[in-house]
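Participant: Please read through the structure below; I'll follow up with questions.
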Amino acid sequence: MQRAAHTALYDWSQIVGPAVIRRCLKCRATLQQSSRAFSVIPPPRDSEEKEMLDRILRVDHAGEYGASRIYAGQMAVLGRTRTGPLIQEMWDQEKKHLEKFNEILAENRIRPTALLPLWNIAGFVLGASTALLGKEGAMACTVAVEESISEHYNSQIRALMEKDPERYTELLKIIKEFRDDEMDHHDTGLEHDAETVSI
Amino acid sequence: MAALLRGLRAGRALRGLGSVVATPTATTPQCSSLRRGFHCAALRLQDESKSDKPPSSSSTTYHEHYQAHSTEQDTTAASQEDSASDPAAETASGPNTSYQDQSGEQGEEYETEEQLQARILTAALEFVPQHGWSMEAIAAGAETLGLSSASTGMFYNGAGDLVLHFITHCNSQLTEILAEQHKQVQLGQAEPKETADFLRDAIETRLRMYIPYIETWPQAMSILLLPHNIPDSLKHLSTLVDDIWYYAGDRSTDMNWYTKRAALTGIYNTTELVMVQDSSPDFQDTWNFLDNRIQDVVNMATTAKQVECVVSLKNLTGLNQRR
C-alpha cells in the first residue's frame with residue numbers, strides 16, 4: 001500500500017536517457033516537438049523493428065485504456081462506499097500509465113488500436129458488473145486483471161531482453177515500472193479480501 | 001509457384017526477342033536470381049553500348065550471358081544467390097559487377113537493383129504523355145538511359161510499377177515540403193497556419209503534382225484500382241494522409257485518429273476525381289471544391305462540439321458527477 005503510494009509519486013523526470021538524434025525512416029520523420037531531448041524508444045532501424053515496437057506499444061496502450069475503463073466501472077458502482085478512495089487511487093495510477101502511453105504513441109506516430117470503442121464498453125461493463133457483486137467482487141476482478149496484465153508485461157520484457165536489452169533500456173524501464181505498479185494493485189486486491197468473494 | 005510462373009513469363013519475354021534461347025528450366029525458381037540476371041545483363045549492355053559495339057552482338061552476348069546464368073542456376077541449385085550470380089558474372093567475363101558485397105559498402109559503379117529500377121521509371125515519366133502509363137513508356141525511358149528496351153522485363157507489374165513509383169515520388173516530395181514548412185515555423189520565420197488552411201494547401205500542393213500528367217491520369221487511377229495494385233495504392237494513400245495530419249499537428253491517440261484520416265482520405269479522393277474532369281483555367285473549380293469540402297468537415301467538427309444538449313441531459317440525470 002505504501003509502495004503503491006510511493007510509486008504513484010515517482011517522478012517521470014527521473015527517467016533520463018541520452019539525447020537521441022532521430023533518423024528519417026524513408027520519409028516518415030518524427031518531429032522533436034517536445035522540449036525533452038530523449039525518447040523512450042530508439043529510432044527504428046528498419047520497418048520490421050518499427051512494426052514490432054508499434055505492436056508492443058499499441059497493445060500496451062489498449063491495455064492501459066481498458067484498465068482505466070475497468071476502474072471507472074468499479075467506481076461508478078462502489079464510488080461512494082468505503083472502498084471508493086482505494087479504487088480511486090488505483091484508477092489514478094492507471095490514468096498516469098495511459099497518459100505515458102499516449103505520449104509515446106503521439107511522439108512516435110504509432111496508430112492506436114481500432115478496437116478502442118470495444119475496450120471502452122467492455123472494460124466499463126466488466127468493472128461495473130464485478131463491482132455489483134460487492135467489494136470482494138471488485139477486488140477479485142482487480143486481482144485477476146492485474147495478474148494477467150503483469151504476465152503480459154513480463155512476456156514483453158522477456159521478448160525485449162531476448163532481442164537487445166541495451167537498445168531498449170528506456171522502454172524496458174518503463175514497462176518494468178508499470179509491471180511493478182500492476183503487481184501492487186494485485187497485492188492490494190488480495191489484501192482487501194478478494195479471495196473471500198462468494199459467488 | 002508464383003516465382004515459377006514469373007520465371008516462365010520472363011523466359012517467354014526473351015523468346016520474343018527473336019533469338020533462340022534454351023528454355024530456362026528454372027527448376028529451382030529463384031526469381032531474384034533471374035532478376036539479377038536481367039540486371040547484370042542490363043548493366044553489361046550499358047557498358048557495351050558505351051564501348052560502341054554493334055547492336056547485333058550486344059543482343060547475342062546478352063543471350064549468351066543469360067544461358068550461362070541459367071545453367072549456373074541449375075547447377076548450383078541450393079547455393080546462395082550471390083555465389084550463383086558471381087560465377088555467372090565472371091564466366092561471362094563481364095565487367096566488375098560483384099555481388100559479394102551487398103550488405104556493406106558499395107563501390108561507386110555499383111547500384112542496387114531498386115536504384116536502377118527507380119532511375120528507369122523516373123526516366124520513363126517523361127514519355128507518359130506520349131505513351132500513357134504503359135510498358136512502352138518504361139521501354140522508352142530505359143532507352144534514354146542507354147539500356148535495352150528488354151530491361152522492361154525487370155518490371156513484373158508493368159504499368160503498375162510506373163504509377164506506384166510516381167505516387168511514391170510525389171508523396172516524398174510533399175513530405176519534404178511539409179517538413180520544410182514545419183522547420184520554418186519552428187524557426188519563427190513563418191506563421192503557423194490554421195488546420196483547415198494547412199490541409200487545403202497540402203492537398204492542393206499534392207494534387208498539383210498531377211498537372212503535367214492530367215490527360216493520362218484517369219488511366220493511372222484505373223491501374224491503381226486493379227486488384228493486385230490495391231494493397232499498395234491503399235498503403236500509399238494512408239501514409240500520405242497520415243503524413244499530412246501529422247504535420248498539421250494531429251497527435252490524437254483515440255478514435256479521432258481514425259475519423260480524421262478517414263475524412264481527409266474522402267476529401268482527397270473526391271477532389272482528385274473532380275480534378276481529372278476539370279477544364280477550368282488552372283483548375284480553379286477543383287480548388288473551390290476542395291475549399292468547400294474542407295469547410296464541411298470543419299463545420300461538422302464544430303457542430304459536434306456544440307452538441308450541448310447531450311451534456312445538459314447528462315447533468316440532469318446525474319450521470320456527470322465528478323468524484
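In the C-alpha cells, each chain is lettered A, B, ... as it comes, each chain's residues begin at 1, and ligands are numbered from 1 in order of appearance.
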Restrict the distance test to only C-alpha atoms, flag each residue of chain A within 10 Å of chain B, and return the flagged residues as a PDB file with all heavy atoms, in the first residue's frame.

Facilitator:
```
ATOM      1  N   LYS A  26      12.858   6.423 -44.274  1.00  0.00           N
ATOM      2  CA  LYS A  26      12.362   6.783 -45.593  1.00  0.00           C
ATOM      3  C   LYS A  26      11.854   8.213 -45.509  1.00  0.00           C
ATOM      4  O   LYS A  26      12.614   9.131 -45.338  1.00  0.00           O
ATOM      5  CB  LYS A  26      11.281   5.810 -46.043  1.00  0.00           C
ATOM      6  CG  LYS A  26      11.885   4.435 -46.267  1.00  0.00           C
ATOM      7  CD  LYS A  26      11.002   3.506 -47.024  1.00  0.00           C
ATOM      8  CE  LYS A  26      11.704   2.160 -47.169  1.00  0.00           C
ATOM      9  NZ  LYS A  26      10.869   1.156 -47.761  1.00  0.00           N
ATOM     10  N   CYS A  27      10.563   8.480 -45.599  1.00  0.00           N
ATOM     11  CA  CYS A  27      10.187   9.873 -45.437  1.00  0.00           C
ATOM     12  C   CYS A  27       9.264  10.065 -44.249  1.00  0.00           C
ATOM     13  O   CYS A  27       8.516  11.011 -44.171  1.00  0.00           O
ATOM     14  CB  CYS A  27       9.553  10.400 -46.706  1.00  0.00           C
ATOM     15  SG  CYS A  27       8.509   9.205 -47.537  1.00  0.00           S
ATOM     16  N   ARG A  28       9.280   9.112 -43.310  1.00  0.00           N
ATOM     17  CA  ARG A  28       8.337   9.243 -42.209  1.00  0.00           C
ATOM     18  C   ARG A  28       9.076   9.718 -40.977  1.00  0.00           C
ATOM     19  O   ARG A  28       9.309   8.970 -40.055  1.00  0.00           O
ATOM     20  CB  ARG A  28       7.659   7.907 -41.951  1.00  0.00           C
ATOM     21  CG  ARG A  28       7.118   7.440 -43.273  1.00  0.00           C
ATOM     22  CD  ARG A  28       6.072   6.414 -43.281  1.00  0.00           C
ATOM     23  NE  ARG A  28       5.209   6.247 -42.186  1.00  0.00           N
ATOM     24  CZ  ARG A  28       4.050   6.870 -42.014  1.00  0.00           C
ATOM     25  NH1 ARG A  28       3.674   7.774 -42.864  1.00  0.00           N
ATOM     26  NH2 ARG A  28       3.291   6.602 -40.996  1.00  0.00           N
ATOM     27  N   ALA A  29       9.441  10.976 -41.006  1.00  0.00           N
ATOM     28  CA  ALA A  29      10.216  11.515 -39.889  1.00  0.00           C
ATOM     29  C   ALA A  29       9.301  11.851 -38.732  1.00  0.00           C
ATOM     30  O   ALA A  29       8.133  12.147 -38.903  1.00  0.00           O
ATOM     31  CB  ALA A  29      10.947  12.778 -40.340  1.00  0.00           C
ATOM     32  N   THR A  30       9.847  11.775 -37.544  1.00  0.00           N
ATOM     33  CA  THR A  30       9.132  12.299 -36.382  1.00  0.00           C
ATOM     34  C   THR A  30       9.777  13.619 -36.037  1.00  0.00           C
ATOM     35  O   THR A  30      10.946  13.847 -36.290  1.00  0.00           O
ATOM     36  CB  THR A  30       9.244  11.355 -35.184  1.00  0.00           C
ATOM     37  OG1 THR A  30      10.597  10.980 -35.030  1.00  0.00           O
ATOM     38  CG2 THR A  30       8.426  10.099 -35.415  1.00  0.00           C
ATOM     39  N   LEU A  31       8.986  14.493 -35.460  1.00  0.00           N
ATOM     40  CA  LEU A  31       9.498  15.826 -35.173  1.00  0.00           C
ATOM     41  C   LEU A  31       9.793  15.965 -33.701  1.00  0.00           C
ATOM     42  O   LEU A  31       9.042  15.478 -32.865  1.00  0.00           O
ATOM     43  CB  LEU A  31       8.447  16.873 -35.558  1.00  0.00           C
ATOM     44  CG  LEU A  31       7.966  16.788 -36.999  1.00  0.00           C
ATOM     45  CD1 LEU A  31       6.760  17.668 -37.180  1.00  0.00           C
ATOM     46  CD2 LEU A  31       9.068  17.214 -37.935  1.00  0.00           C
ATOM     47  N   GLN A  33       9.130  17.796 -31.160  1.00  0.00           N
ATOM     48  CA  GLN A  33       8.329  18.939 -30.754  1.00  0.00           C
ATOM     49  C   GLN A  33       8.381  19.164 -29.255  1.00  0.00           C
ATOM     50  O   GLN A  33       8.183  20.254 -28.774  1.00  0.00           O
ATOM     51  CB  GLN A  33       6.880  18.735 -31.171  1.00  0.00           C
ATOM     52  CG  GLN A  33       6.710  18.933 -32.667  1.00  0.00           C
ATOM     53  CD  GLN A  33       5.261  18.972 -33.054  1.00  0.00           C
ATOM     54  OE1 GLN A  33       4.446  18.323 -32.416  1.00  0.00           O
ATOM     55  NE2 GLN A  33       4.945  19.710 -34.081  1.00  0.00           N
ATOM     56  N   ARG A  58       1.111  -0.488 -29.089  1.00  0.00           N
ATOM     57  CA  ARG A  58      -0.329  -0.405 -29.335  1.00  0.00           C
ATOM     58  C   ARG A  58      -1.075  -1.264 -28.339  1.00  0.00           C
ATOM     59  O   ARG A  58      -2.088  -0.835 -27.755  1.00  0.00           O
ATOM     60  CB  ARG A  58      -0.643  -0.870 -30.759  1.00  0.00           C
ATOM     61  CG  ARG A  58      -2.060  -0.611 -31.200  1.00  0.00           C
ATOM     62  CD  ARG A  58      -2.249  -0.952 -32.654  1.00  0.00           C
ATOM     63  NE  ARG A  58      -1.296  -0.241 -33.474  1.00  0.00           N
ATOM     64  CZ  ARG A  58      -0.536  -0.789 -34.415  1.00  0.00           C
ATOM     65  NH1 ARG A  58      -0.656  -2.067 -34.682  1.00  0.00           N
ATOM     66  NH2 ARG A  58       0.313  -0.067 -35.102  1.00  0.00           N
ATOM     67  N   HIS A  61      -0.943   0.292 -24.901  1.00  0.00           N
ATOM     68  CA  HIS A  61      -1.843   1.443 -24.826  1.00  0.00           C
ATOM     69  C   HIS A  61      -3.283   0.975 -24.647  1.00  0.00           C
ATOM     70  O   HIS A  61      -4.015   1.484 -23.795  1.00  0.00           O
ATOM     71  CB  HIS A  61      -1.701   2.274 -26.105  1.00  0.00           C
ATOM     72  CG  HIS A  61      -2.649   3.419 -26.193  1.00  0.00           C
ATOM     73  ND1 HIS A  61      -3.760   3.422 -27.019  1.00  0.00           N
ATOM     74  CD2 HIS A  61      -2.684   4.610 -25.556  1.00  0.00           C
ATOM     75  CE1 HIS A  61      -4.406   4.552 -26.882  1.00  0.00           C
ATOM     76  NE2 HIS A  61      -3.789   5.301 -26.003  1.00  0.00           N
ATOM     77  N   ALA A  62      -3.657  -0.031 -25.461  1.00  0.00           N
ATOM     78  CA  ALA A  62      -5.021  -0.561 -25.360  1.00  0.00           C
ATOM     79  C   ALA A  62      -5.263  -1.150 -23.981  1.00  0.00           C
ATOM     80  O   ALA A  62      -6.340  -0.980 -23.400  1.00  0.00           O
ATOM     81  CB  ALA A  62      -5.246  -1.622 -26.435  1.00  0.00           C
ATOM     82  N   TYR A  65      -5.727   1.534 -21.421  1.00  0.00           N
ATOM     83  CA  TYR A  65      -7.025   2.177 -21.657  1.00  0.00           C
ATOM     84  C   TYR A  65      -8.130   1.311 -21.067  1.00  0.00           C
ATOM     85  O   TYR A  65      -9.023   1.798 -20.360  1.00  0.00           O
ATOM     86  CB  TYR A  65      -7.220   2.374 -23.165  1.00  0.00           C
ATOM     87  CG  TYR A  65      -8.520   3.029 -23.542  1.00  0.00           C
ATOM     88  CD1 TYR A  65      -8.683   4.404 -23.405  1.00  0.00           C
ATOM     89  CD2 TYR A  65      -9.583   2.286 -24.045  1.00  0.00           C
ATOM     90  CE1 TYR A  65      -9.873   5.019 -23.754  1.00  0.00           C
ATOM     91  CE2 TYR A  65     -10.770   2.890 -24.392  1.00  0.00           C
ATOM     92  CZ  TYR A  65     -10.911   4.259 -24.247  1.00  0.00           C
ATOM     93  OH  TYR A  65     -12.084   4.867 -24.598  1.00  0.00           O
ATOM     94  N   MET A  75     -15.744   2.252 -10.012  1.00  0.00           N
ATOM     95  CA  MET A  75     -16.052   3.488  -9.289  1.00  0.00           C
ATOM     96  C   MET A  75     -17.507   3.881  -9.443  1.00  0.00           C
ATOM     97  O   MET A  75     -18.129   4.399  -8.503  1.00  0.00           O
ATOM     98  CB  MET A  75     -15.173   4.649  -9.796  1.00  0.00           C
ATOM     99  CG  MET A  75     -13.812   4.702  -9.196  1.00  0.00           C
ATOM    100  SD  MET A  75     -13.863   4.760  -7.398  1.00  0.00           S
ATOM    101  CE  MET A  75     -14.165   6.503  -7.133  1.00  0.00           C
ATOM    102  N   ALA A  76     -18.053   3.629 -10.637  1.00  0.00           N
ATOM    103  CA  ALA A  76     -19.447   4.008 -10.879  1.00  0.00           C
ATOM    104  C   ALA A  76     -20.372   3.311  -9.885  1.00  0.00           C
ATOM    105  O   ALA A  76     -21.404   3.848  -9.488  1.00  0.00           O
ATOM    106  CB  ALA A  76     -19.836   3.661 -12.314  1.00  0.00           C
ATOM    107  N   GLY A  79     -18.212   3.799  -5.947  1.00  0.00           N
ATOM    108  CA  GLY A  79     -17.525   5.063  -5.695  1.00  0.00           C
ATOM    109  C   GLY A  79     -17.821   5.673  -4.339  1.00  0.00           C
ATOM    110  O   GLY A  79     -16.965   6.303  -3.729  1.00  0.00           O
ATOM    111  N   ARG A  80     -19.046   5.497  -3.863  1.00  0.00           N
ATOM    112  CA  ARG A  80     -19.417   6.184  -2.622  1.00  0.00           C
ATOM    113  C   ARG A  80     -19.355   5.294  -1.399  1.00  0.00           C
ATOM    114  O   ARG A  80     -19.821   5.656  -0.342  1.00  0.00           O
ATOM    115  CB  ARG A  80     -20.818   6.796  -2.774  1.00  0.00           C
ATOM    116  CG  ARG A  80     -20.712   8.233  -3.290  1.00  0.00           C
ATOM    117  CD  ARG A  80     -22.035   8.786  -3.705  1.00  0.00           C
ATOM    118  NE  ARG A  80     -22.378   8.360  -5.046  1.00  0.00           N
ATOM    119  CZ  ARG A  80     -23.433   8.832  -5.690  1.00  0.00           C
ATOM    120  NH1 ARG A  80     -24.218   9.694  -5.111  1.00  0.00           N
ATOM    121  NH2 ARG A  80     -23.698   8.406  -6.893  1.00  0.00           N
ATOM    122  N   GLY A  84     -14.253   3.212  -2.098  1.00  0.00           N
ATOM    123  CA  GLY A  84     -14.138   4.235  -3.123  1.00  0.00           C
ATOM    124  C   GLY A  84     -12.743   4.824  -3.251  1.00  0.00           C
ATOM    125  O   GLY A  84     -12.144   4.797  -4.336  1.00  0.00           O
ATOM    126  N   PRO A  85     -12.206   5.364  -2.159  1.00  0.00           N
ATOM    127  CA  PRO A  85     -10.886   6.006  -2.245  1.00  0.00           C
ATOM    128  C   PRO A  85      -9.786   5.044  -2.718  1.00  0.00           C
ATOM    129  O   PRO A  85      -8.888   5.436  -3.460  1.00  0.00           O
ATOM    130  CB  PRO A  85     -10.607   6.449  -0.801  1.00  0.00           C
ATOM    131  CG  PRO A  85     -11.931   6.530  -0.161  1.00  0.00           C
ATOM    132  CD  PRO A  85     -12.795   5.514  -0.826  1.00  0.00           C
ATOM    133  N   GLN A  88     -10.186   4.617  -6.346  1.00  0.00           N
ATOM    134  CA  GLN A  88      -9.802   5.874  -6.999  1.00  0.00           C
ATOM    135  C   GLN A  88      -8.295   5.983  -7.133  1.00  0.00           C
ATOM    136  O   GLN A  88      -7.785   6.395  -8.177  1.00  0.00           O
ATOM    137  CB  GLN A  88     -10.350   7.049  -6.176  1.00  0.00           C
ATOM    138  CG  GLN A  88     -10.045   8.419  -6.756  1.00  0.00           C
ATOM    139  CD  GLN A  88     -10.772   8.669  -8.050  1.00  0.00           C
ATOM    140  OE1 GLN A  88     -11.957   8.319  -8.180  1.00  0.00           O
ATOM    141  NE2 GLN A  88     -10.106   9.239  -9.022  1.00  0.00           N
ATOM    142  N   PHE A 101       1.573   6.310 -22.148  1.00  0.00           N
ATOM    143  CA  PHE A 101       1.494   5.644 -23.441  1.00  0.00           C
ATOM    144  C   PHE A 101       0.941   6.562 -24.514  1.00  0.00           C
ATOM    145  O   PHE A 101       1.344   6.491 -25.670  1.00  0.00           O
ATOM    146  CB  PHE A 101       0.664   4.356 -23.345  1.00  0.00           C
ATOM    147  CG  PHE A 101       1.438   3.205 -22.783  1.00  0.00           C
ATOM    148  CD1 PHE A 101       1.006   2.544 -21.654  1.00  0.00           C
ATOM    149  CD2 PHE A 101       2.609   2.784 -23.392  1.00  0.00           C
ATOM    150  CE1 PHE A 101       1.728   1.488 -21.127  1.00  0.00           C
ATOM    151  CE2 PHE A 101       3.341   1.738 -22.876  1.00  0.00           C
ATOM    152  CZ  PHE A 101       2.904   1.089 -21.737  1.00  0.00           C
ATOM    153  N   ASN A 102       0.010   7.443 -24.131  1.00  0.00           N
ATOM    154  CA  ASN A 102      -0.475   8.419 -25.105  1.00  0.00           C
ATOM    155  C   ASN A 102       0.671   9.255 -25.653  1.00  0.00           C
ATOM    156  O   ASN A 102       0.780   9.493 -26.854  1.00  0.00           O
ATOM    157  CB  ASN A 102      -1.509   9.353 -24.463  1.00  0.00           C
ATOM    158  CG  ASN A 102      -2.898   8.760 -24.467  1.00  0.00           C
ATOM    159  OD1 ASN A 102      -3.188   7.886 -25.270  1.00  0.00           O
ATOM    160  ND2 ASN A 102      -3.748   9.226 -23.578  1.00  0.00           N
ATOM    161  N   GLU A 103       1.531   9.668 -24.719  1.00  0.00           N
ATOM    162  CA  GLU A 103       2.696  10.453 -25.137  1.00  0.00           C
ATOM    163  C   GLU A 103       3.563   9.682 -26.110  1.00  0.00           C
ATOM    164  O   GLU A 103       3.984  10.191 -27.144  1.00  0.00           O
ATOM    165  CB  GLU A 103       3.570  10.730 -23.910  1.00  0.00           C
ATOM    166  CG  GLU A 103       3.418  12.093 -23.315  1.00  0.00           C
ATOM    167  CD  GLU A 103       4.218  12.154 -22.031  1.00  0.00           C
ATOM    168  OE1 GLU A 103       5.385  11.710 -22.039  1.00  0.00           O
ATOM    169  OE2 GLU A 103       3.641  12.599 -21.042  1.00  0.00           O
ATOM    170  N   ILE A 104       3.856   8.432 -25.760  1.00  0.00           N
ATOM    171  CA  ILE A 104       4.757   7.628 -26.592  1.00  0.00           C
ATOM    172  C   ILE A 104       4.155   7.423 -27.969  1.00  0.00           C
ATOM    173  O   ILE A 104       4.830   7.546 -28.989  1.00  0.00           O
ATOM    174  CB  ILE A 104       5.044   6.268 -25.940  1.00  0.00           C
ATOM    175  CG1 ILE A 104       5.742   6.457 -24.601  1.00  0.00           C
ATOM    176  CG2 ILE A 104       5.902   5.403 -26.853  1.00  0.00           C
ATOM    177  CD1 ILE A 104       6.013   5.164 -23.870  1.00  0.00           C
ATOM    178  N   LEU A 105       2.854   7.113 -28.002  1.00  0.00           N
ATOM    179  CA  LEU A 105       2.196   6.897 -29.292  1.00  0.00           C
ATOM    180  C   LEU A 105       2.248   8.144 -30.144  1.00  0.00           C
ATOM    181  O   LEU A 105       2.544   8.101 -31.342  1.00  0.00           O
ATOM    182  CB  LEU A 105       0.730   6.480 -29.072  1.00  0.00           C
ATOM    183  CG  LEU A 105       0.408   5.012 -29.321  1.00  0.00           C
ATOM    184  CD1 LEU A 105       1.137   4.142 -28.329  1.00  0.00           C
ATOM    185  CD2 LEU A 105      -1.072   4.782 -29.222  1.00  0.00           C
ATOM    186  N   ALA A 106       1.969   9.283 -29.518  1.00  0.00           N
ATOM    187  CA  ALA A 106       1.948  10.519 -30.293  1.00  0.00           C
ATOM    188  C   ALA A 106       3.333  10.854 -30.822  1.00  0.00           C
ATOM    189  O   ALA A 106       3.505  11.178 -31.997  1.00  0.00           O
ATOM    190  CB  ALA A 106       1.415  11.664 -29.437  1.00  0.00           C
ATOM    191  N   GLU A 107       4.338  10.709 -29.955  1.00  0.00           N
ATOM    192  CA  GLU A 107       5.702  11.064 -30.369  1.00  0.00           C
ATOM    193  C   GLU A 107       6.205  10.207 -31.506  1.00  0.00           C
ATOM    194  O   GLU A 107       6.972  10.656 -32.351  1.00  0.00           O
ATOM    195  CB  GLU A 107       6.662  10.839 -29.192  1.00  0.00           C
ATOM    196  CG  GLU A 107       6.991  12.079 -28.425  1.00  0.00           C
ATOM    197  CD  GLU A 107       7.891  11.745 -27.250  1.00  0.00           C
ATOM    198  OE1 GLU A 107       8.814  10.935 -27.424  1.00  0.00           O
ATOM    199  OE2 GLU A 107       7.622  12.296 -26.186  1.00  0.00           O
ATOM    200  N   ASN A 108       5.822   8.931 -31.489  1.00  0.00           N
ATOM    201  CA  ASN A 108       6.395   8.005 -32.450  1.00  0.00           C
ATOM    202  C   ASN A 108       5.459   7.654 -33.587  1.00  0.00           C
ATOM    203  O   ASN A 108       5.718   6.719 -34.335  1.00  0.00           O
ATOM    204  CB  ASN A 108       6.838   6.732 -31.727  1.00  0.00           C
ATOM    205  CG  ASN A 108       7.967   7.017 -30.769  1.00  0.00           C
ATOM    206  OD1 ASN A 108       9.098   7.232 -31.174  1.00  0.00           O
ATOM    207  ND2 ASN A 108       7.651   7.076 -29.500  1.00  0.00           N
ATOM    208  N   ARG A 109       4.380   8.402 -33.720  1.00  0.00           N
ATOM    209  CA  ARG A 109       3.447   8.229 -34.823  1.00  0.00           C
ATOM    210  C   ARG A 109       2.944   6.792 -34.898  1.00  0.00           C
ATOM    211  O   ARG A 109       2.917   6.177 -35.953  1.00  0.00           O
ATOM    212  CB  ARG A 109       4.125   8.600 -36.150  1.00  0.00           C
ATOM    213  CG  ARG A 109       4.611  10.017 -36.178  1.00  0.00           C
ATOM    214  CD  ARG A 109       5.170  10.365 -37.509  1.00  0.00           C
ATOM    215  NE  ARG A 109       4.137  10.313 -38.519  1.00  0.00           N
ATOM    216  CZ  ARG A 109       4.306  10.749 -39.753  1.00  0.00           C
ATOM    217  NH1 ARG A 109       5.463  11.261 -40.104  1.00  0.00           N
ATOM    218  NH2 ARG A 109       3.350  10.650 -40.626  1.00  0.00           N
ATOM    219  N   ILE A 110       2.546   6.274 -33.744  1.00  0.00           N
ATOM    220  CA  ILE A 110       2.028   4.914 -33.720  1.00  0.00           C
ATOM    221  C   ILE A 110       0.513   4.982 -33.767  1.00  0.00           C
ATOM    222  O   ILE A 110      -0.106   5.769 -33.057  1.00  0.00           O
ATOM    223  CB  ILE A 110       2.492   4.189 -32.446  1.00  0.00           C
ATOM    224  CG1 ILE A 110       4.019   4.141 -32.427  1.00  0.00           C
ATOM    225  CG2 ILE A 110       1.930   2.794 -32.393  1.00  0.00           C
ATOM    226  CD1 ILE A 110       4.582   3.563 -31.160  1.00  0.00           C
ATOM    227  N   ARG A 111      -0.057   4.146 -34.583  1.00  0.00           N
ATOM    228  CA  ARG A 111      -1.506   4.132 -34.713  1.00  0.00           C
ATOM    229  C   ARG A 111      -2.124   3.467 -33.483  1.00  0.00           C
ATOM    230  O   ARG A 111      -1.685   2.386 -33.099  1.00  0.00           O
ATOM    231  CB  ARG A 111      -1.830   3.333 -35.986  1.00  0.00           C
ATOM    232  CG  ARG A 111      -3.259   3.014 -36.201  1.00  0.00           C
ATOM    233  CD  ARG A 111      -3.435   2.249 -37.502  1.00  0.00           C
ATOM    234  NE  ARG A 111      -2.842   0.932 -37.471  1.00  0.00           N
ATOM    235  CZ  ARG A 111      -3.467  -0.161 -37.057  1.00  0.00           C
ATOM    236  NH1 ARG A 111      -4.683  -0.074 -36.607  1.00  0.00           N
ATOM    237  NH2 ARG A 111      -2.851  -1.311 -37.082  1.00  0.00           N
ATOM    238  N   PRO A 112      -3.134   4.093 -32.881  1.00  0.00           N
ATOM    239  CA  PRO A 112      -3.816   3.420 -31.768  1.00  0.00           C
ATOM    240  C   PRO A 112      -4.709   2.316 -32.310  1.00  0.00           C
ATOM    241  O   PRO A 112      -5.062   2.325 -33.480  1.00  0.00           O
ATOM    242  CB  PRO A 112      -4.648   4.537 -31.133  1.00  0.00           C
ATOM    243  CG  PRO A 112      -4.883   5.487 -32.229  1.00  0.00           C
ATOM    244  CD  PRO A 112      -3.697   5.416 -33.151  1.00  0.00           C
ATOM    245  N   THR A 113      -5.081   1.365 -31.452  1.00  0.00           N
ATOM    246  CA  THR A 113      -5.892   0.263 -31.940  1.00  0.00           C
ATOM    247  C   THR A 113      -7.277   0.751 -32.335  1.00  0.00           C
ATOM    248  O   THR A 113      -7.846   1.660 -31.733  1.00  0.00           O
ATOM    249  CB  THR A 113      -6.010  -0.843 -30.879  1.00  0.00           C
ATOM    250  OG1 THR A 113      -6.983  -1.771 -31.317  1.00  0.00           O
ATOM    251  CG2 THR A 113      -6.439  -0.282 -29.550  1.00  0.00           C
ATOM    252  N   ALA A 114      -7.810   0.088 -33.356  1.00  0.00           N
ATOM    253  CA  ALA A 114      -9.142   0.487 -33.823  1.00  0.00           C
ATOM    254  C   ALA A 114     -10.231  -0.058 -32.905  1.00  0.00           C
ATOM    255  O   ALA A 114     -11.399   0.312 -33.039  1.00  0.00           O
ATOM    256  CB  ALA A 114      -9.364  -0.020 -35.244  1.00  0.00           C
ATOM    257  N   LEU A 115      -9.838  -0.942 -31.981  1.00  0.00           N
ATOM    258  CA  LEU A 115     -10.848  -1.568 -31.119  1.00  0.00           C
ATOM    259  C   LEU A 115     -11.107  -0.774 -29.852  1.00  0.00           C
ATOM    260  O   LEU A 115     -11.716  -1.278 -28.917  1.00  0.00           O
ATOM    261  CB  LEU A 115     -10.388  -2.977 -30.731  1.00  0.00           C
ATOM    262  CG  LEU A 115     -10.213  -3.932 -31.914  1.00  0.00           C
ATOM    263  CD1 LEU A 115      -9.613  -5.239 -31.426  1.00  0.00           C
ATOM    264  CD2 LEU A 115     -11.554  -4.208 -32.563  1.00  0.00           C
ATOM    265  N   LEU A 116     -10.608   0.467 -29.807  1.00  0.00           N
ATOM    266  CA  LEU A 116     -10.772   1.271 -28.594  1.00  0.00           C
ATOM    267  C   LEU A 116     -12.220   1.380 -28.121  1.00  0.00           C
ATOM    268  O   LEU A 116     -12.470   1.229 -26.914  1.00  0.00           O
ATOM    269  CB  LEU A 116     -10.178   2.674 -28.787  1.00  0.00           C
ATOM    270  CG  LEU A 116      -8.656   2.745 -28.677  1.00  0.00           C
ATOM    271  CD1 LEU A 116      -8.173   4.163 -28.991  1.00  0.00           C
ATOM    272  CD2 LEU A 116      -8.180   2.356 -27.297  1.00  0.00           C
ATOM    273  N   PRO A 117     -13.188   1.624 -29.013  1.00  0.00           N
ATOM    274  CA  PRO A 117     -14.569   1.711 -28.510  1.00  0.00           C
ATOM    275  C   PRO A 117     -14.995   0.410 -27.844  1.00  0.00           C
ATOM    276  O   PRO A 117     -15.721   0.418 -26.842  1.00  0.00           O
ATOM    277  CB  PRO A 117     -15.400   1.981 -29.766  1.00  0.00           C
ATOM    278  CG  PRO A 117     -14.450   2.441 -30.784  1.00  0.00           C
ATOM    279  CD  PRO A 117     -13.135   1.837 -30.464  1.00  0.00           C
TER     280      PRO A 117
END
```

Participant: Could you list, as a list of chain:residue names, every residue within 7 Å of stretch 209-215 of chain B, counting only C-alpha atoms and ignoring same-chain residues fewer than 3 positions away?

Facilitator: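 Within the cut-off, the hits are B:Pro129, B:Cys170, B:Thr205, B:Arg206, B:Val276.
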
Participant: Fewer than 2 positions away in the same chain doesn't count, so skip those; otherwise give me all residues within 8 Å of stretch 123-128 of chain B, counting only C-alpha atoms, as a ChimeraX atom specification.

Facilitator: /B:119-121,130-134,137-142,144-145,162,166,213,216

Participant: Would you kindly return, as a list in words, each protein, DNA or RNA residue with an atom no farther than 8 Å from any atom of stretch 165-172 of chain A, considering only C-alpha atoms and excluding same-chain residues fewer than 3 positions away?

Facilitator: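 Near stretch 165-172 of chain A, the qualifying residues are Ile15, Gly17, Ser39, Val40, Ile41, Pro42, Ile157, Leu160, Met161, Glu162, Ile175 and Lys176 of chain A.
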
Participant: If I take atom CA of B:Gln295 and atom CA of B:Ala263, how far is one from the other in Å, to one decimal?

Facilitator: 11.7 Å

Participant: Have a look at atom CA of B:Thr265 and atom CA of B:Trp245 and let me know their distance in Å, one decimal.

Facilitator: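 Calculated distance between atom CA of B:Thr265 and atom CA of B:Trp245 is 10.7 Å.
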